[in-house]
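Containing compact mmCIF, C-alpha atoms: run-v1.txt.
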```txt
# COMPACT_ATOMS: atom_id res chain seq x y z
CA MET V 1 -46.42 31.57 -28.88
CA ARG V 2 -46.87 27.89 -29.78
CA LYS V 3 -43.63 27.54 -31.78
CA PRO V 4 -41.21 27.82 -28.78
CA ILE V 5 -43.30 25.29 -26.80
CA VAL V 6 -43.22 22.80 -29.70
CA MET V 7 -39.45 23.28 -30.12
CA LEU V 8 -38.85 22.83 -26.39
CA SER V 9 -40.91 19.63 -26.21
CA SER V 10 -39.12 18.13 -29.23
CA THR V 11 -35.73 18.98 -27.64
CA LEU V 12 -36.76 17.20 -24.42
CA VAL V 13 -37.82 14.13 -26.40
CA LEU V 14 -34.43 14.02 -28.18
CA LEU V 15 -32.57 14.38 -24.85
CA SER V 16 -34.54 11.58 -23.21
CA GLN V 17 -33.84 9.30 -26.20
CA SER V 18 -30.09 10.12 -25.98
CA VAL V 19 -29.97 9.30 -22.25
CA ALA V 20 -31.87 6.05 -22.83
CA ALA V 21 -29.41 5.05 -25.58
CA HIS V 22 -26.40 5.56 -23.26
CA GLU V 23 -26.87 3.68 -20.02
CA LEU V 24 -25.35 5.38 -17.01
CA GLN V 25 -22.77 3.29 -15.16
CA GLU V 26 -22.33 3.30 -11.41
CA LEU V 27 -19.07 4.93 -10.27
CA THR V 28 -17.61 4.40 -6.79
CA VAL V 29 -15.07 6.89 -5.45
CA GLU V 30 -13.00 5.90 -2.43
CA GLY V 31 -11.05 8.45 -0.40
CA HIS V 32 -7.56 8.04 0.99
CA PHE V 33 -8.50 8.38 4.66
CA ASP V 34 -11.01 6.30 6.59
CA GLY V 35 -12.08 9.05 8.96
CA GLN V 36 -14.09 12.19 8.35
CA PRO V 37 -12.43 15.60 7.92
CA GLY V 38 -11.40 17.02 11.28
CA GLU V 39 -10.92 13.64 12.97
CA ALA V 40 -7.19 13.31 12.22
CA VAL V 41 -4.94 14.77 14.89
CA SER V 42 -2.62 16.17 12.20
CA ALA V 43 -1.69 15.81 8.54
CA SER V 44 1.42 13.88 9.60
CA GLN V 45 -0.37 10.63 10.31
CA GLY V 46 -2.73 8.36 8.48
CA SER V 47 -3.69 4.89 7.36
CA ILE V 48 -3.39 3.00 4.07
CA SER V 49 -5.73 0.13 3.16
CA GLN V 50 -5.07 -3.03 1.14
CA ALA V 51 -7.28 -1.67 -1.64
CA GLU V 52 -4.95 1.29 -2.06
CA LEU V 53 -1.88 -0.96 -2.05
CA ALA V 54 -3.45 -3.24 -4.68
CA SER V 55 -4.08 -0.30 -7.01
CA ARG V 56 -0.37 0.59 -7.25
CA PRO V 57 2.15 -1.25 -9.45
CA MET V 58 5.24 -2.24 -7.46
CA LEU V 59 8.64 -3.45 -8.61
CA ARG V 60 10.08 -4.10 -5.13
CA THR V 61 8.44 -5.05 -1.83
CA GLY V 62 9.83 -1.99 -0.05
CA GLU V 63 7.79 0.25 -2.34
CA VAL V 64 4.73 -0.36 -0.18
CA LEU V 65 6.12 2.49 1.94
CA GLU V 66 5.78 4.87 -1.00
CA THR V 67 2.09 5.04 -0.14
CA VAL V 68 3.18 7.17 2.83
CA PRO V 69 2.88 10.76 1.53
CA GLY V 70 6.31 12.32 1.02
CA MET V 71 8.23 9.03 1.15
CA VAL V 72 10.51 7.83 -1.67
CA VAL V 73 11.88 4.27 -1.80
CA THR V 74 14.84 3.54 -4.05
CA GLN V 75 17.60 0.99 -4.56
CA HIS V 76 21.13 2.25 -5.05
CA SER V 77 22.60 -1.21 -5.49
CA GLY V 78 21.34 -4.72 -6.20
CA THR V 79 18.18 -6.27 -4.79
CA GLY V 80 20.06 -8.29 -2.18
CA LYS V 81 19.73 -5.71 0.56
CA ALA V 82 17.30 -3.26 2.04
CA ASN V 83 16.00 -0.30 0.08
CA GLN V 84 17.13 3.24 0.69
CA TYR V 85 14.43 5.55 2.02
CA PHE V 86 13.81 9.29 1.84
CA LEU V 87 11.06 11.11 3.75
CA ARG V 88 10.30 14.76 3.05
CA GLY V 89 13.80 15.07 1.55
CA PHE V 90 15.44 13.58 4.64
CA ASN V 91 17.86 10.74 3.83
CA LEU V 92 16.88 7.77 6.01
CA ASP V 93 19.67 5.60 4.58
CA HIS V 94 18.37 2.00 4.97
CA GLY V 95 15.69 2.91 7.49
CA THR V 96 17.99 4.22 10.22
CA ASP V 97 15.60 6.98 11.33
CA PHE V 98 12.27 5.43 10.37
CA ARG V 99 10.84 2.84 12.76
CA THR V 100 9.00 -0.03 11.11
CA SER V 101 7.09 -2.89 12.73
CA VAL V 102 5.07 -5.85 11.45
CA ASP V 103 2.22 -6.91 13.76
CA GLY V 104 4.12 -5.33 16.64
CA MET V 105 7.45 -6.99 15.79
CA PRO V 106 10.21 -4.38 15.27
CA VAL V 107 11.97 -4.65 11.92
CA ASN V 108 14.81 -2.15 12.53
CA MET V 109 18.02 -3.98 13.45
CA ARG V 110 19.85 -2.49 16.40
CA THR V 111 23.27 -3.43 15.04
CA HIS V 112 24.19 -3.77 11.39
CA GLY V 113 27.10 -3.03 9.06
CA HIS V 114 25.03 -0.41 7.23
CA GLY V 115 24.12 1.34 10.47
CA GLN V 116 21.83 1.03 13.46
CA GLY V 117 18.19 0.76 12.42
CA TYR V 118 18.77 -1.14 9.17
CA THR V 119 15.33 -2.05 7.79
CA ASP V 120 14.88 -4.84 5.26
CA LEU V 121 11.22 -5.29 4.23
CA ASN V 122 11.83 -7.95 1.57
CA PHE V 123 10.26 -10.68 3.71
CA ILE V 124 6.81 -9.05 3.54
CA ILE V 125 4.22 -10.33 1.06
CA PRO V 126 2.38 -7.14 -0.04
CA GLU V 127 -0.89 -8.97 -0.81
CA LEU V 128 -1.14 -10.05 2.84
CA ILE V 129 -0.94 -6.52 4.26
CA GLU V 130 -4.28 -5.50 5.71
CA ARG V 131 -3.32 -1.94 6.64
CA ILE V 132 -0.36 0.38 7.13
CA THR V 133 -0.56 3.15 9.71
CA TYR V 134 2.11 5.83 9.64
CA GLN V 135 3.30 8.82 11.64
CA LYS V 136 5.74 11.42 10.36
CA GLY V 137 8.02 13.52 12.50
CA PRO V 138 9.65 13.06 15.94
CA PHE V 139 6.48 14.00 17.87
CA TYR V 140 5.34 10.53 18.99
CA ALA V 141 7.14 9.45 22.15
CA GLU V 142 5.29 6.13 22.32
CA VAL V 143 6.93 4.91 19.10
CA GLY V 144 10.42 4.66 20.58
CA ASP V 145 13.81 4.12 18.95
CA PHE V 146 14.65 4.87 15.31
CA SER V 147 11.63 7.17 14.86
CA GLY V 148 13.42 10.47 14.35
CA ALA V 149 11.76 10.95 10.95
CA GLY V 150 8.65 8.85 11.54
CA SER V 151 7.28 5.35 11.75
CA ALA V 152 5.08 2.81 9.99
CA ARG V 153 3.15 -0.12 11.42
CA PHE V 154 2.20 -3.02 9.15
CA ILE V 155 -0.94 -4.87 10.19
CA MET V 156 -1.06 -8.21 8.39
CA ALA V 157 -4.28 -9.95 7.41
CA ASN V 158 -5.31 -12.94 9.53
CA ARG V 159 -7.97 -13.99 7.05
CA PRO V 160 -7.57 -12.52 3.54
CA GLN V 161 -10.80 -11.80 1.69
CA GLU V 162 -9.91 -14.34 -1.00
CA ASN V 163 -7.43 -17.15 -1.62
CA LEU V 164 -4.58 -16.18 -3.93
CA ILE V 165 -2.62 -17.86 -6.70
CA HIS V 166 -0.41 -15.50 -8.67
CA LEU V 167 2.28 -16.12 -11.29
CA GLY V 168 4.39 -13.29 -12.69
CA LEU V 169 6.99 -13.56 -15.45
CA GLY V 170 9.21 -10.86 -16.96
CA GLU V 171 12.51 -9.94 -18.56
CA ASP V 172 15.84 -11.33 -17.37
CA GLN V 173 14.09 -14.47 -16.12
CA TYR V 174 11.99 -12.59 -13.58
CA GLN V 175 9.71 -15.05 -11.78
CA ARG V 176 7.28 -14.56 -8.95
CA PHE V 177 4.89 -17.15 -7.62
CA LEU V 178 2.46 -16.50 -4.77
CA PHE V 179 0.06 -18.86 -3.05
CA ALA V 180 -2.07 -17.91 -0.05
CA ASN V 181 -4.96 -19.87 1.44
CA THR V 182 -6.95 -19.90 4.66
CA PHE V 183 -7.70 -23.26 6.24
CA LEU V 184 -10.40 -23.91 8.82
CA THR V 185 -9.55 -26.44 11.54
CA ASP V 186 -10.85 -27.28 15.02
CA ASN V 187 -8.35 -24.78 16.44
CA GLY V 188 -9.58 -21.93 14.22
CA HIS V 189 -8.40 -20.37 10.97
CA TRP V 190 -4.87 -20.91 9.70
CA LEU V 191 -3.27 -18.78 7.01
CA ALA V 192 -0.67 -20.45 4.81
CA ALA V 193 1.32 -18.39 2.29
CA LEU V 194 4.25 -19.15 0.02
CA GLU V 195 6.14 -16.71 -2.18
CA HIS V 196 8.93 -17.55 -4.61
CA ASN V 197 10.78 -14.64 -6.20
CA ARG V 198 13.71 -14.86 -8.62
CA TYR V 199 15.42 -12.36 -10.87
CA ASP V 200 18.48 -12.84 -13.08
CA GLY V 201 19.13 -9.16 -13.66
CA PRO V 202 22.22 -7.09 -12.85
```

Show me the file's structure as structure tokens.
Amino acid sequence: MRKPIVMLSSTLVLLSQSVAAHELQELTVEGHFDGQPGEAVSASQGSISQAELASRPMLRTGEVLETVPGMVVTQHSGTGKANQYFLRGFNLDHGTDFRTSVDGMPVNMRTHGHGQGYTDLNFIIPELIERITYQKGPFYAEVGDFSGAGSARFIMANRPQENLIHLGLGEDQYQRFLFANTFLTDNGHWLAALEHNRYDGP
């Protein structure tokens, strides 16, 4: 009867030594949605945080909308015009049927050579986006024009968590410089940001 007990105790000693030799690291898992299950009105709306945007590599500014589930952002020509958007297989052309706003300012142009609702997001600095809220489908009357397929609202950061200096270099003389800083004055906090982007590709 004593042999199994001795073997068990020696096994426990070996296990404890193995755990002590390999320190356990803390792992943080963050979910996609802020709310708890059951709080969302439907699966066709949600919110995207800056942390989620920062975790994705992006070639073009318009790709921030690819964080919206079911949305594809592409470029069928050069980088001198707005991206082409697809949502759930629906061709949105250059944003014609997808309403976009930045801090309440509508981005869709009512008249344009490419069509009503033309949406060019190239002026946005992705690092300064605090949150994107989106709604998919034509079910939201409060959104208004150009929302036949859905909408996205960009909420920009008033005070970023940290000051930014970023320099990116790549092939075909790709250059990107970003500077963002928050200044405190008697009138409050001021955010200053400068982005320079250049590409000598086709």

Practice problem: Kindly give the distance, in Å, that separates CA of Leu121 in chain V and CA of Gly62 in chain V, rounded to a single decimal. | Solution: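 It comes out at 5.6 Å.
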
Self-check item: Point-to-point distance from CA of Ile48 in chain V to CA of Met156 in chain V, Å rounded to tenths
Solution: 12.2 Å

Quiz item: Which is closest to Pro126 in chain V among V:Glu63, V:Glu142, V:Glu171, V:Asp103, if we use all atoms listed in the file?
Solution: V:Glu63

Exercise. Measuring atom to atom with only C-alpha atoms, identify which of V:Leu191, V:Leu27, V:Met58, V:Ile124 is nearest to Ser101 in chain V.
Key: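 The closest residue to Ser101 in chain V is V:Ile124.
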
Practice problem: Would you mind listing what lies within 9 Å of Phe139 in chain V as an NGL selection string, with all atoms listed in the file counted and same-chain residues fewer than 4 positions away left out? | Solution: :V and (135 or 148 or 150)

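Close contacts of Thr74 in chain V, defined as residues with an atom at most 12 Å away when counting only C-alpha atoms, with chain neighbours fewer than 5 positions off set aside, comprise Met58, Leu59, Arg60, Thr61, Gly62, Glu63, Val64, Leu65, Glu66, Thr79, Lys81, Ala82, Asn83, Gln84, Tyr85, Phe86, Leu87, Asn91, Leu92, Asp93, His94 and Gly95 of chain V.
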
Please identify every residue of range 45-139 of chain V that has at least one atom no farther than 10 Å from an atom of range 174-182 of chain V, counting only C-alpha atoms, and for each give the shortest atom pair and the distance in Å to one decimal, arranged by chain then increasing number, as CSV.
```
residue,atom,partner,partner_atom,distance
V:Ile125,CA,V:Leu178,CA,8.7
V:Glu127,CA,V:Ala180,CA,9.0
V:Leu128,CA,V:Ala180,CA,8.4
```

Okay, now the selection with C-alpha atoms, as a tab-separated table (two decimals), in the frame of the given file?
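Here's the written file result.tsv:
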```tsv
chain	number	residue	atom	x	y	z
V	125	ILE	CA	4.22	-10.33	1.06
V	127	GLU	CA	-0.89	-8.97	-0.81
V	128	LEU	CA	-1.14	-10.05	2.84
```

Self-check item: Near-Arg99 in chain V list (6 Å; only C-alpha atoms; drop same-chain fewer than 3 positions) as an NGL selection string
Solution: :V and (146-147 or 151)

Quiz item: How many Å separate CA of Thr96 in chain V from CA of Tyr134 in chain V?
Solution: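 Separating CA of Thr96 in chain V from CA of Tyr134 in chain V is a distance of 16.0 Å.
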
Self-check item: Closest of V:Thr111, V:Asn163, V:Thr100, V:Asn197 to Thr133 in chain V - atom-to-atom distances counting all atoms listed in the file
Solution: V:Thr100

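Residue nearest Glu130 in chain V, chosen from V:Val68, V:Met105, V:Leu184, V:Ala51 and counting all atoms listed in the file: V:Ala51.
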